[in-house]
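Asks: Okay, handing you the structure first.
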Amino acid sequence: MTAYEPIYPTPGWPDKMTFSPAVRAGEFLYISGMTAIDDNHEIVGFGDIAEQTRQIFRQMGPILEAVGAGYGNIVETTDYFLTLDGYRETADVRREFFQGPPYPAATGVLVAGLIRKDALIEIKAVARLDG
Amino acid sequence: MTAYEPIYPTPGWPDKMTFSPAVRAGEFLYISGMTAIDDNHEIVGFGDIAEQTRQIFRQMGPILEAVGAGYGNIVETTDYFLTLDGYRETADVRREFFQGPPYPAATGVLVAGLIRKDALIEIKAVARLDG
Amino acid sequence: MTAYEPIYPTPGWPDKMTFSPAVRAGEFLYISGMTAIDDNHEIVGFGDIAEQTRQIFRQMGPILEAVGAGYGNIVETTDYFLTLDGYRETADVRREFFQGPPYPAATGVLVAGLIRKDALIEIKAVARLDG
């Protein structure tokens, strides 16, 4: 018994994974740190941090939809950058999805590395449901 | 329609920004990662990580006040350090603002870089309202 | 007056500390970033990131118990790695404690350094109570 409901945007999430893409916990949805991948779990947007950012937010769409929510439910994002080249373009991508103001809270830092090879950015998020 | 209320501590938050300084979401307030800046958005406390930490907590004051809260509402901070020189002094600054025990939960790590030039530390926080 | 209740898994948490091991805030428990330490606050599992991960999750046990919760209440973890050597083994350690699926949400990044000397990994967590 867990205090949360795991959210799988599509069927076929591998049982060997030791985390859920997202979990619903009370009125909040915790989305795991995501990198830009395609349906085969391969990195897309090589060398293009803005496109990787766009793809990550696209991937959040079905997760949010699975709980009856949308981008307006995201209250906070944390961005882990491997490089700050292209940083301003990643901010522009936020406009496409959040269409603010208002915008969610955000934190962004440069890390020493990301677990996924060829990933330039990883983003985690918290959403509020029933909003 | 968003599931949160953006919190602007002072008038004049630029529309071009793609994040809010903080957002209220249910009983929680998510404060974006902050660096030490003055009213003109220029970094202060050059080379002095304790003073930058103090300034960041000062900046959180009006955000908390805007929702009828104070430092005792902060439940968690995450500190991103560019250097660990002066680390102990940043802990002393926490005493000034939180006047504990008790103290909030805290996490601190050394990052490879901060987005804001000359920033030595960035701090994000979560507060609980109606506490 | 604080909007949270500090949680001390054992008596004797030093008053000089400027953070709590964890705090209960409404239906959520925020656990501070933890490194692998023994009862004397000395690092254990030198050079063995999997053992350090195991020890960190062990340390979370009494914190969860103190609020009537268990590992199934953890909704999100954030792992800060000093090295990715042994990364896969840290995922195996999650199986031991969470016994999923389902699993919590998770985020992991490589940082430039950890505050605690000889620590190879630091983990913070959020748990939901009353689940």
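As shown in the structure tokens, the chain order sets the letters A, B, ...; within each chain, residues go from 1, and ligands are also counted from 1 in the order they appear.
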Could I get the residues of chain C with an atom no further than 6 Å from an atom of chain B, each paired with its nearest atom pair and that distance in Å to one decimal, using only C-alpha atoms, sorted by chain and residue number, as CSV?

Replies:
residue,atom,partner,partner_atom,distance
C:Thr2,CA,B:Gly72,CA,4.3
C:Ala3,CA,B:Gly131,CA,4.0
C:Thr18,CA,B:Tyr103,CA,5.9
C:Phe19,CA,B:Tyr103,CA,4.7
C:Ser20,CA,B:Ala105,CA,4.9
C:Ala22,CA,B:Ala105,CA,5.3
C:Ser32,CA,B:Ala105,CA,4.9
C:Gly33,CA,B:Thr107,CA,4.5
C:Val111,CA,B:Val111,CA,5.4
C:Ala112,CA,B:Val111,CA,5.0
C:Gly113,CA,B:Leu110,CA,4.7
C:Leu114,CA,B:Val109,CA,5.3

Asks: From the list B:Phe97, B:Arg88, B:Val23, B:Trp13, which residue is nearest Ile56 (chain B) when using only C-alpha atoms?

Replies: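 Using only C-alpha atoms, Ile56 (chain B) sits closest to B:Phe97.
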
Asks: If you run DSSP on this backbone, which residues of chain A come out as helix (DSSP H, G or I), and could you give them as a PyMOL selection string?

Replies: chain A and resi 49-66+71-73+87-98

Asks: Considering only C-alpha atoms, state which residue in the set B:Glu96, B:Pro14, B:Gln59, B:Ile31 is at the smallest distance from Val44 (chain B).

Replies: B:Gln59

Asks: As a PyMOL selection string, list the residues of region 1-115 of chain C assigned to strand (DSSP E) by DSSP on the backbone atoms of this structure.

Replies: chain C and resi 5-7+22-25+28-34+74-81+105-110+113-114

Asks: Atoms to include: C-alpha atoms. Write the selected residues as a PDB file, in the first residue's frame.

Replies:
ATOM      1  CA  GLU C   5       6.440  20.184  13.398  1.00  0.00           C
ATOM      2  CA  PRO C   6      10.125  19.226  13.442  1.00  0.00           C
ATOM      3  CA  ILE C   7      10.742  15.486  13.445  1.00  0.00           C
ATOM      4  CA  ALA C  22      12.489  16.399   8.683  1.00  0.00           C
ATOM      5  CA  VAL C  23       9.405  18.501   9.219  1.00  0.00           C
ATOM      6  CA  ARG C  24       5.739  17.611   9.108  1.00  0.00           C
ATOM      7  CA  ALA C  25       3.670  20.222   7.290  1.00  0.00           C
ATOM      8  CA  PHE C  28       3.349  16.156   3.862  1.00  0.00           C
ATOM      9  CA  LEU C  29       6.675  15.300   5.431  1.00  0.00           C
ATOM     10  CA  TYR C  30       9.770  17.020   4.060  1.00  0.00           C
ATOM     11  CA  ILE C  31      12.957  15.053   4.722  1.00  0.00           C
ATOM     12  CA  SER C  32      16.214  17.031   4.558  1.00  0.00           C
ATOM     13  CA  GLY C  33      18.972  15.944   2.214  1.00  0.00           C
ATOM     14  CA  MET C  34      20.699  13.048   3.971  1.00  0.00           C
ATOM     15  CA  ILE C  74       7.559   8.438   0.155  1.00  0.00           C
ATOM     16  CA  VAL C  75       6.238  10.133  -2.966  1.00  0.00           C
ATOM     17  CA  GLU C  76       9.384  11.700  -4.338  1.00  0.00           C
ATOM     18  CA  THR C  77      13.131  11.439  -3.952  1.00  0.00           C
ATOM     19  CA  THR C  78      15.880  13.675  -5.305  1.00  0.00           C
ATOM     20  CA  ASP C  79      19.316  12.095  -5.567  1.00  0.00           C
ATOM     21  CA  TYR C  80      22.452  14.187  -5.786  1.00  0.00           C
ATOM     22  CA  PHE C  81      25.314  12.040  -7.036  1.00  0.00           C
ATOM     23  CA  ALA C 105       8.815   9.733  -8.464  1.00  0.00           C
ATOM     24  CA  ALA C 106      12.560  10.338  -8.667  1.00  0.00           C
ATOM     25  CA  THR C 107      15.079  12.813  -9.954  1.00  0.00           C
ATOM     26  CA  GLY C 108      18.835  12.293 -10.017  1.00  0.00           C
ATOM     27  CA  VAL C 109      21.643  14.580 -11.083  1.00  0.00           C
ATOM     28  CA  LEU C 110      25.404  14.709 -10.822  1.00  0.00           C
ATOM     29  CA  GLY C 113      30.239  18.512  -4.727  1.00  0.00           C
ATOM     30  CA  LEU C 114      28.512  17.533  -1.514  1.00  0.00           C
TER      31      LEU C 114
END

Asks: In Å, rounded to a single decimal, give me how far CA of Met60 (chain C) is from CA of Pro21 (chain C).

Replies: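 CA of Met60 (chain C) lies at a distance of 9.3 Å from CA of Pro21 (chain C).
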